[in-house]
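J.: Contents of protein29.pdb (PDB, C-alpha atoms) are given next:
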MODEL        1
ATOM      1  CA  ALA A  17       8.398  -5.353 -21.923
ATOM      2  CA  LEU A  18       9.675  -8.759 -22.958
ATOM      3  CA  PRO A  19       8.207  -9.952 -26.273
ATOM      4  CA  LEU A  20       5.772 -12.865 -25.997
ATOM      5  CA  TRP A  21       3.896 -14.903 -28.604
ATOM      6  CA  PRO A  22       2.779 -14.619 -31.381
ATOM      7  CA  ALA A  23       5.742 -12.459 -32.460
ATOM      8  CA  SER A  24       8.379 -14.517 -30.640
ATOM      9  CA  ASP A  25       8.872 -16.592 -27.513
ATOM     10  CA  ALA A  26      12.228 -14.912 -26.824
ATOM     11  CA  GLY A  27      10.781 -13.025 -23.853
ATOM     12  CA  LEU A  28       9.418 -16.155 -22.226
ATOM     13  CA  ARG A  29      12.735 -17.951 -22.659
ATOM     14  CA  ILE A  30      14.649 -15.012 -21.157
ATOM     15  CA  ALA A  31      12.279 -14.870 -18.191
ATOM     16  CA  ALA A  32      12.426 -18.656 -17.669
ATOM     17  CA  HIS A  33      16.245 -18.621 -17.763
ATOM     18  CA  PHE A  34      16.380 -15.741 -15.263
ATOM     19  CA  TYR A  35      14.025 -17.440 -12.802
ATOM     20  CA  ASN A  36      15.516 -20.924 -13.194
ATOM     21  CA  ARG A  37      19.066 -19.642 -12.689
ATOM     22  CA  SER A  38      18.004 -18.130  -9.364
ATOM     23  CA  LEU A  39      16.436 -21.432  -8.298
ATOM     24  CA  LYS A  40      19.583 -23.333  -9.299
ATOM     25  CA  THR A  41      22.261 -21.044  -7.852
ATOM     26  CA  ARG A  42      20.447 -19.667  -4.774
ATOM     27  CA  LYS A  43      18.150 -22.650  -4.091
ATOM     28  CA  SER A  44      15.165 -20.252  -3.987
ATOM     29  CA  LEU A  45      13.481 -17.720  -6.238
ATOM     30  CA  GLU A  46      15.058 -14.405  -5.222
ATOM     31  CA  VAL A  47      14.605 -12.421  -8.427
ATOM     32  CA  VAL A  48      11.725 -10.718 -10.201
ATOM     33  CA  ILE A  49      11.124  -9.109 -13.578
ATOM     34  CA  ASN A  50       9.021  -5.950 -13.624
ATOM     35  CA  GLY A  51       7.412  -4.331 -16.636
ATOM     36  CA  LYS A  52       5.121  -1.404 -17.425
ATOM     37  CA  ILE A  53       1.942  -1.305 -19.515
ATOM     38  CA  LEU A  54       1.587  -5.097 -19.388
ATOM     39  CA  ASP A  55      -1.349  -7.023 -20.796
ATOM     40  CA  GLU A  56      -2.970  -9.944 -18.990
ATOM     41  CA  GLN A  57      -0.654 -12.524 -20.546
ATOM     42  CA  GLN A  58       2.537 -10.583 -19.820
ATOM     43  CA  ARG A  59       1.567 -10.183 -16.155
ATOM     44  CA  LYS A  60       1.777 -13.968 -15.753
ATOM     45  CA  CYS A  61       5.563 -13.955 -16.216
ATOM     46  CA  MET A  62       6.389 -10.372 -15.116
ATOM     47  CA  VAL A  63       5.232  -8.201 -12.243
ATOM     48  CA  TRP A  64       3.157  -5.259 -13.448
ATOM     49  CA  ASP A  65       4.741  -1.953 -12.418
ATOM     50  CA  ILE A  66       2.593   1.185 -12.137
ATOM     51  CA  GLU A  67       4.655   4.376 -12.208
ATOM     52  CA  ARG A  68       3.523   7.109  -9.799
ATOM     53  CA  GLY A  69       0.094   5.581  -9.353
ATOM     54  CA  GLN A  70      -1.873   2.603  -8.164
ATOM     55  CA  SER A  71      -4.526   0.147  -9.274
ATOM     56  CA  ASN A  72      -8.155   0.896  -8.471
ATOM     57  CA  ALA A  73      -9.040  -2.749  -7.739
ATOM     58  CA  ILE A  74      -7.690  -5.909  -6.138
ATOM     59  CA  GLU A  75      -5.414  -7.386  -8.778
ATOM     60  CA  PRO A  76      -5.377 -11.200  -9.125
ATOM     61  CA  LEU A  77      -1.583 -11.181  -9.518
ATOM     62  CA  PRO A  78       1.012  -9.253  -7.479
ATOM     63  CA  TRP A  79       1.915  -5.798  -8.793
ATOM     64  CA  GLN A  80       4.043  -2.870  -7.748
ATOM     65  CA  THR A  81       3.945   0.911  -7.522
ATOM     66  CA  ASP A  82       7.159   2.803  -8.074
ATOM     67  CA  THR A  83       7.134   6.386  -6.882
ATOM     68  CA  CYS A  84       9.299   9.017  -5.245
ATOM     69  CA  ILE A  85       8.901  11.538  -2.435
ATOM     70  CA  GLY A  86      10.171  14.189  -4.863
ATOM     71  CA  ASP A  87      11.690  13.946  -8.343
ATOM     72  CA  TRP A  88      13.478  10.786  -9.430
ATOM     73  CA  HIS A  89      16.781  12.669  -9.093
ATOM     74  CA  TYR A  90      17.723  15.133  -6.366
ATOM     75  CA  ASP A  91      16.206  18.583  -6.897
ATOM     76  CA  ARG A  92      17.400  21.358  -4.580
ATOM     77  CA  GLU A  93      14.339  23.492  -5.390
ATOM     78  CA  ILE A  94      11.944  20.814  -4.096
ATOM     79  CA  TYR A  95      13.927  20.707  -0.845
ATOM     80  CA  GLU A  96      13.921  24.510  -0.472
ATOM     81  CA  LYS A  97      10.164  24.735  -1.119
ATOM     82  CA  LYS A  98       9.441  21.771   1.187
ATOM     83  CA  GLY A  99       7.733  19.982  -1.695
ATOM     84  CA  TYR A 100       8.351  16.369  -0.682
ATOM     85  CA  LYS A 101       5.538  13.893  -0.100
ATOM     86  CA  SER A 102       4.792  13.684   3.604
ATOM     87  CA  ALA A 103       5.178  10.459   5.594
ATOM     88  CA  LYS A 104       1.393  10.511   5.928
ATOM     89  CA  THR A 105       0.944  10.515   2.139
ATOM     90  CA  VAL A 106       3.438   7.666   1.733
ATOM     91  CA  ILE A 107       1.839   5.509   4.449
ATOM     92  CA  GLN A 108      -1.702   6.080   3.155
ATOM     93  CA  MET A 109      -0.489   5.071  -0.315
ATOM     94  CA  LEU A 110       1.168   1.968   1.127
ATOM     95  CA  VAL A 111      -2.000   0.872   2.948
ATOM     96  CA  ASP A 112      -4.110   1.361  -0.196
ATOM     97  CA  ILE A 113      -1.614  -0.499  -2.386
ATOM     98  CA  VAL A 114      -1.318  -3.467   0.003
ATOM     99  CA  SER A 115      -5.118  -3.764   0.167
ATOM    100  CA  LYS A 116      -5.091  -4.351  -3.609
ATOM    101  CA  ASN A 117      -2.351  -7.029  -3.696
ATOM    102  CA  GLY A 118       0.461  -4.586  -4.462
ATOM    103  CA  ASN A 119       3.888  -3.594  -3.178
ATOM    104  CA  LEU A 120       5.376  -0.108  -2.839
ATOM    105  CA  LEU A 121       8.826   0.768  -4.151
ATOM    106  CA  LEU A 122       9.719   4.198  -2.740
ATOM    107  CA  ASN A 123      12.583   6.354  -4.009
ATOM    108  CA  ILE A 124      14.365   8.798  -1.696
ATOM    109  CA  PRO A 125      16.438  11.193  -3.879
ATOM    110  CA  VAL A 126      20.119  11.252  -2.908
ATOM    111  CA  ARG A 127      22.395  14.288  -3.082
ATOM    112  CA  GLY A 128      25.598  14.189  -5.083
ATOM    113  CA  ASN A 129      27.627  13.275  -2.006
ATOM    114  CA  GLY A 130      25.462  10.206  -1.349
ATOM    115  CA  THR A 131      23.486  11.637   1.583
ATOM    116  CA  ILE A 132      19.839  12.608   2.037
ATOM    117  CA  ASP A 133      18.818  16.006   3.436
ATOM    118  CA  GLU A 134      17.238  16.646   6.839
ATOM    119  CA  GLU A 135      13.711  16.980   5.432
ATOM    120  CA  GLU A 136      14.010  13.535   3.837
ATOM    121  CA  GLN A 137      15.426  12.146   7.079
ATOM    122  CA  LYS A 138      12.344  13.384   8.972
ATOM    123  CA  ILE A 139      10.028  11.700   6.444
ATOM    124  CA  VAL A 140      11.921   8.398   6.558
ATOM    125  CA  ALA A 141      11.982   8.512  10.385
ATOM    126  CA  GLU A 142       8.208   9.067  10.580
ATOM    127  CA  ILE A 143       7.573   6.218   8.134
ATOM    128  CA  GLY A 144       9.729   4.077  10.427
ATOM    129  CA  GLN A 145       7.776   5.274  13.464
ATOM    130  CA  TRP A 146       4.480   4.171  11.877
ATOM    131  CA  MET A 147       5.894   0.848  10.705
ATOM    132  CA  ALA A 148       7.397   0.031  14.125
ATOM    133  CA  VAL A 149       3.895   0.056  15.630
ATOM    134  CA  ASN A 150       1.729  -1.101  12.725
ATOM    135  CA  ASN A 151       3.879  -3.408  10.589
ATOM    136  CA  GLU A 152       1.743  -6.491  11.346
ATOM    137  CA  SER A 153      -1.016  -4.900   9.236
ATOM    138  CA  ILE A 154       1.375  -4.764   6.249
ATOM    139  CA  TYR A 155       3.964  -7.554   6.255
ATOM    140  CA  GLY A 156       2.744 -10.997   5.237
ATOM    141  CA  THR A 157      -0.829  -9.854   4.630
ATOM    142  CA  ARG A 158      -3.146 -10.737   1.759
ATOM    143  CA  PRO A 159      -6.070  -8.868   0.191
ATOM    144  CA  TRP A 160      -9.542  -9.390   1.654
ATOM    145  CA  LYS A 161     -12.811  -9.868  -0.276
ATOM    146  CA  VAL A 162     -13.007  -6.119  -0.935
ATOM    147  CA  PHE A 163     -10.087  -3.710  -0.760
ATOM    148  CA  GLY A 164     -11.943  -0.956   1.067
ATOM    149  CA  GLU A 165     -14.753   1.540   1.338
ATOM    150  CA  GLY A 166     -15.251   5.299   1.453
ATOM    151  CA  PRO A 167     -15.367   8.382  -0.785
ATOM    152  CA  ALA A 168     -11.783   8.073  -2.048
ATOM    153  CA  ALA A 169     -12.515   4.611  -3.470
ATOM    154  CA  ALA A 170     -15.669   5.875  -5.156
ATOM    155  CA  ASN A 171     -13.812   8.790  -6.787
ATOM    156  CA  ALA A 172     -10.521   7.175  -7.787
ATOM    157  CA  ALA A 173      -8.646   8.617 -10.753
ATOM    158  CA  PRO A 174      -8.145   6.251 -13.712
ATOM    159  CA  LEU A 175      -4.694   5.093 -14.764
ATOM    160  CA  ASN A 176      -3.002   6.938 -17.617
ATOM    161  CA  ALA A 177      -0.591   4.906 -19.787
ATOM    162  CA  GLN A 178       1.942   3.350 -17.379
ATOM    163  CA  GLY A 179       0.334   4.926 -14.306
ATOM    164  CA  PHE A 180       0.355   8.597 -13.231
ATOM    165  CA  ASN A 181      -2.935   8.691 -11.289
ATOM    166  CA  GLU A 182      -1.121   9.419  -8.029
ATOM    167  CA  GLY A 183      -2.665  12.216  -5.959
ATOM    168  CA  LYS A 184      -5.458  12.853  -8.468
ATOM    169  CA  GLY A 185      -8.296  11.346  -6.438
ATOM    170  CA  LYS A 186     -10.060  12.703  -3.369
ATOM    171  CA  PRO A 187      -7.995  13.116  -0.178
ATOM    172  CA  TYR A 188      -8.519  10.342   2.360
ATOM    173  CA  THR A 189     -10.922  10.876   5.260
ATOM    174  CA  ALA A 190     -11.975   9.005   8.417
ATOM    175  CA  ALA A 191     -14.645   7.309   6.261
ATOM    176  CA  ASP A 192     -11.962   5.768   4.029
ATOM    177  CA  ILE A 193     -10.982   2.285   5.174
ATOM    178  CA  ARG A 194      -8.674  -0.317   3.636
ATOM    179  CA  PHE A 195      -8.635  -4.036   4.424
ATOM    180  CA  ALA A 196      -6.004  -6.776   4.586
ATOM    181  CA  THR A 197      -5.945 -10.269   6.088
ATOM    182  CA  LYS A 198      -3.386 -12.428   7.861
ATOM    183  CA  GLY A 199      -4.559 -15.893   8.793
ATOM    184  CA  ASP A 200      -7.774 -15.510  10.793
ATOM    185  CA  LEU A 201      -7.183 -11.808  11.423
ATOM    186  CA  LEU A 202      -8.761  -8.970   9.466
ATOM    187  CA  PHE A 203      -7.090  -5.566   9.489
ATOM    188  CA  ALA A 204      -9.270  -2.537   8.772
ATOM    189  CA  THR A 205      -7.089   0.562   8.475
ATOM    190  CA  VAL A 206      -8.838   3.894   8.986
ATOM    191  CA  MET A 207      -7.056   6.473   6.834
ATOM    192  CA  GLU A 208      -7.667   9.422   9.190
ATOM    193  CA  TRP A 209      -8.318   9.509  12.955
ATOM    194  CA  PRO A 210     -12.030  10.443  13.309
ATOM    195  CA  GLU A 211     -12.760  13.666  15.194
ATOM    196  CA  ASN A 212     -15.360  11.978  17.404
ATOM    197  CA  GLY A 213     -13.113   8.985  18.062
ATOM    198  CA  LYS A 214     -15.557   6.527  16.499
ATOM    199  CA  VAL A 215     -15.094   4.444  13.361
ATOM    200  CA  LEU A 216     -18.000   3.077  11.316
ATOM    201  CA  ILE A 217     -17.164   0.210   8.945
ATOM    202  CA  LYS A 218     -20.114  -0.450   6.650
ATOM    203  CA  SER A 219     -18.566  -3.540   5.035
ATOM    204  CA  LEU A 220     -18.688  -5.267   8.445
ATOM    205  CA  ALA A 221     -22.349  -4.570   9.248
ATOM    206  CA  ALA A 222     -24.408  -7.278  10.927
ATOM    207  CA  GLY A 223     -25.413  -9.821   8.292
ATOM    208  CA  SER A 224     -22.633  -8.767   5.907
ATOM    209  CA  PRO A 225     -21.836 -11.527   3.384
ATOM    210  CA  HIS A 226     -18.205 -10.418   3.529
ATOM    211  CA  TYR A 227     -17.853 -11.292   7.226
ATOM    212  CA  PRO A 228     -20.628 -13.595   8.452
ATOM    213  CA  ALA A 229     -18.574 -14.805  11.433
ATOM    214  CA  THR A 230     -18.991 -13.393  14.928
ATOM    215  CA  ILE A 231     -16.521 -10.680  15.903
ATOM    216  CA  SER A 232     -15.092 -11.434  19.342
ATOM    217  CA  LYS A 233     -12.325  -8.858  19.737
ATOM    218  CA  ILE A 234     -11.013  -5.654  18.176
ATOM    219  CA  SER A 235      -7.759  -3.947  19.097
ATOM    220  CA  LEU A 236      -5.241  -1.616  17.502
ATOM    221  CA  ALA A 237      -2.332  -3.136  15.590
ATOM    222  CA  GLY A 238       0.665  -3.522  17.869
ATOM    223  CA  ASN A 239      -1.603  -3.343  20.921
ATOM    224  CA  ASP A 240      -3.592  -6.075  22.692
ATOM    225  CA  THR A 241      -6.028  -3.831  24.574
ATOM    226  CA  ALA A 242      -9.618  -4.659  23.555
ATOM    227  CA  LEU A 243     -11.689  -1.790  22.144
ATOM    228  CA  GLN A 244     -15.419  -1.320  22.635
ATOM    229  CA  PHE A 245     -17.542  -1.994  19.555
ATOM    230  CA  SER A 246     -21.100  -2.623  18.422
ATOM    231  CA  ARG A 247     -22.354  -4.294  15.248
ATOM    232  CA  THR A 248     -25.645  -3.239  13.681
ATOM    233  CA  ALA A 249     -27.275  -3.219  10.263
ATOM    234  CA  ASP A 250     -25.564   0.157   9.652
ATOM    235  CA  GLY A 251     -22.073  -1.145  10.231
ATOM    236  CA  LEU A 252     -19.426  -2.042  12.782
ATOM    237  CA  GLU A 253     -18.831   0.920  15.120
ATOM    238  CA  VAL A 254     -15.552   0.935  17.031
ATOM    239  CA  ALA A 255     -14.573   3.387  19.766
ATOM    240  CA  LEU A 256     -10.919   4.408  19.533
ATOM    241  CA  PRO A 257      -8.867   5.172  22.653
ATOM    242  CA  GLU A 258      -7.492   8.626  23.456
ATOM    243  CA  ARG A 259      -5.158   9.559  20.627
ATOM    244  CA  GLY A 260      -2.210  10.315  22.879
ATOM    245  CA  SER A 261       1.025   9.535  21.031
ATOM    246  CA  PHE A 262      -0.681   7.715  18.162
ATOM    247  CA  LEU A 263      -0.150   9.195  14.701
ATOM    248  CA  SER A 264      -3.332  10.800  13.359
ATOM    249  CA  TYR A 265      -3.489   8.759  10.153
ATOM    250  CA  ALA A 266      -3.663   5.153   8.904
ATOM    251  CA  VAL A 267      -4.968   3.534  12.092
ATOM    252  CA  PRO A 268      -5.128  -0.290  11.700
ATOM    253  CA  LEU A 269      -7.862  -2.089  13.640
ATOM    254  CA  LYS A 270      -7.126  -5.784  14.286
ATOM    255  CA  ILE A 271     -10.363  -7.795  14.114
ATOM    256  CA  SER A 272     -10.760 -11.401  15.218
TER
ENDMDL
END
Kindly transcribe the structure held in the file into structure tokens.
T.:
Amino acid sequence: ALPLWPASDAGLRIAAHFYNRSLKTRKSLEVVINGKILDEQQRKCMVWDIERGQSNAIEPLPWQTDTCIGDWHYDREIYEKKGYKSAKTVIQMLVDIVSKNGNLLLNIPVRGNGTIDEEEQKIVAEIGQWMAVNNESIYGTRPWKVFGEGPAAANAAPLNAQGFNEGKGKPYTAADIRFATKGDLLFATVMEWPENGKVLIKSLAAGSPHYPATISKISLAGNDTALQFSRTADGLEVALPERGSFLSYAVPLKIS
């Protein structure tokens, strides 16, 4: 990481020059400096990068996860054993990271000839399929008052050095929900499609201090059809439509 005071201000001057040059030559800030294992002061001039892991709370400043669907470099054995992260794992990570004010940098290992194999192509295509329908719950969103609820949040694995808590917590369930906002909209993404087709969001119960306003409409992201819901002291219960062609994971509810 760049050195800051009290040892030297060289790091701050380097960062300032880098940012100011972008503003001068490109007329906008189009660059960023990332660093690992940053303290609170360093995170004010660099973006905190967590390697193969994610924060367990909403961070006040933007941060980033860097991870890979396999090893950082192409490994034929991982391909042969079908050991890549699934699209489902990647998307669930993305939703969790975004709910905590983070970004996801995803590496797809490339073969020596510059191509990716057919297993990687399937994963990238499925990620694209999810994003084509649900991108409004990701792009341009901001964290809500709480990042989420459910057993995975209550049993999150702590960070180790520069990260490395990825995949060490409980698997996501239909009770695990992550939030994000965009203007007056609230997105509540259910990590798994519930077997009974009903979602219960405890953070949005009647009288909740997090959302005192009246809820007038709920629909799926990328879809304007209103869903049936009821709001009680136990939570907000939403009835999902027939699953049909919907993917079985990371289902964003659009609440207004």
J.: Find the residues around region 76-82 of chain A up to 12 Å (all atoms listed in the file counted), leave out those fewer than 6 positions away in its own chain, and share them as number ranges by chain.
T.: A: 48-54, 56-70, 88, 106, 109-110, 112-124, 158-161, 178-182
J.: Using all atoms listed in the file, which protein or nucleic acid residues come within 7 Å of region 227-238 of chain A? Drop anything in the same chain fewer than 5 positions from it, and give the result as number ranges by chain.
T.: A: 149-150, 152-153, 220, 243, 268-272
J.: Suppose a student applies the PyMOL selection byres ((chain A and resi 245) around 8) to this structure; what residues should they get, written as number ranges by chain?
T.: A: 234, 243-244, 246-247, 252-255
J.: Keeping only C-alpha atoms, take the residues you just selected and write them out as a compact mmCIF listing (two decimals), keeping the file's coordinate frame.
T.:
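Done, and the output landed in out25.txt:
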# COMPACT_ATOMS: atom_id res chain seq x y z
CA ILE A 234 -11.01 -5.65 18.18
CA LEU A 243 -11.69 -1.79 22.14
CA GLN A 244 -15.42 -1.32 22.64
CA SER A 246 -21.10 -2.62 18.42
CA ARG A 247 -22.35 -4.29 15.25
CA LEU A 252 -19.43 -2.04 12.78
CA GLU A 253 -18.83 0.92 15.12
CA VAL A 254 -15.55 0.94 17.03
CA ALA A 255 -14.57 3.39 19.77
J.: Please, what is the axis-aligned box for every listed atom of region 224-234 of chain A with 8 Å on each side, as centre and edge lengths in Å to one decimal, as lines of an AutoDock Vina configuration file?
T.:
center_x = -16.8
center_y = -10.2
center_z = 11.6
size_x = 27.6
size_y = 25.2
size_z = 32.4
J.: Carefully work through the PyMOL selection byres ((chain A and resi 72) around 9) for this structure and note down the residues it includes, as a list in words.
T.: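 Output of the PyMOL selection byres ((chain A and resi 72) around 9): Gln70, Ser71, Ala73, Ile74, Glu75, Lys116, Ala169, Ala172, Ala173, Pro174 and Leu175 of chain A.
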J.: Give as a PDB file with C-alpha atoms, in the frame of the given file the residues that the PyMOL selection byres ((chain A and resi 210) around 9) matches when applied to the coordinates above.
T.:
ATOM      1  CA  THR A 189     -10.922  10.876   5.260  1.00  0.00           C
ATOM      2  CA  ALA A 190     -11.975   9.005   8.417  1.00  0.00           C
ATOM      3  CA  ALA A 191     -14.645   7.309   6.261  1.00  0.00           C
ATOM      4  CA  VAL A 206      -8.838   3.894   8.986  1.00  0.00           C
ATOM      5  CA  GLU A 208      -7.667   9.422   9.190  1.00  0.00           C
ATOM      6  CA  TRP A 209      -8.318   9.509  12.955  1.00  0.00           C
ATOM      7  CA  GLU A 211     -12.760  13.666  15.194  1.00  0.00           C
ATOM      8  CA  ASN A 212     -15.360  11.978  17.404  1.00  0.00           C
ATOM      9  CA  GLY A 213     -13.113   8.985  18.062  1.00  0.00           C
ATOM     10  CA  LYS A 214     -15.557   6.527  16.499  1.00  0.00           C
ATOM     11  CA  VAL A 215     -15.094   4.444  13.361  1.00  0.00           C
ATOM     12  CA  LEU A 256     -10.919   4.408  19.533  1.00  0.00           C
ATOM     13  CA  SER A 264      -3.332  10.800  13.359  1.00  0.00           C
TER      14      SER A 264
END
J.: Do you know which residues are at most 10 Å from Glu165 (chain A) counting all atoms listed in the file, after dropping those on the same chain fewer than 3 positions away, and could you put them as JSON, numbers by chain?
T.: {"A": [162, 168, 169, 170, 191, 192, 193, 194, 195, 206, 217, 218, 219]}
J.: Do you have the CA of Ser224 (chain A)-CA of Val111 (chain A) distance handy?
T.: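 We find that CA of Ser224 (chain A) and CA of Val111 (chain A) lie 23.0 Å from each other.
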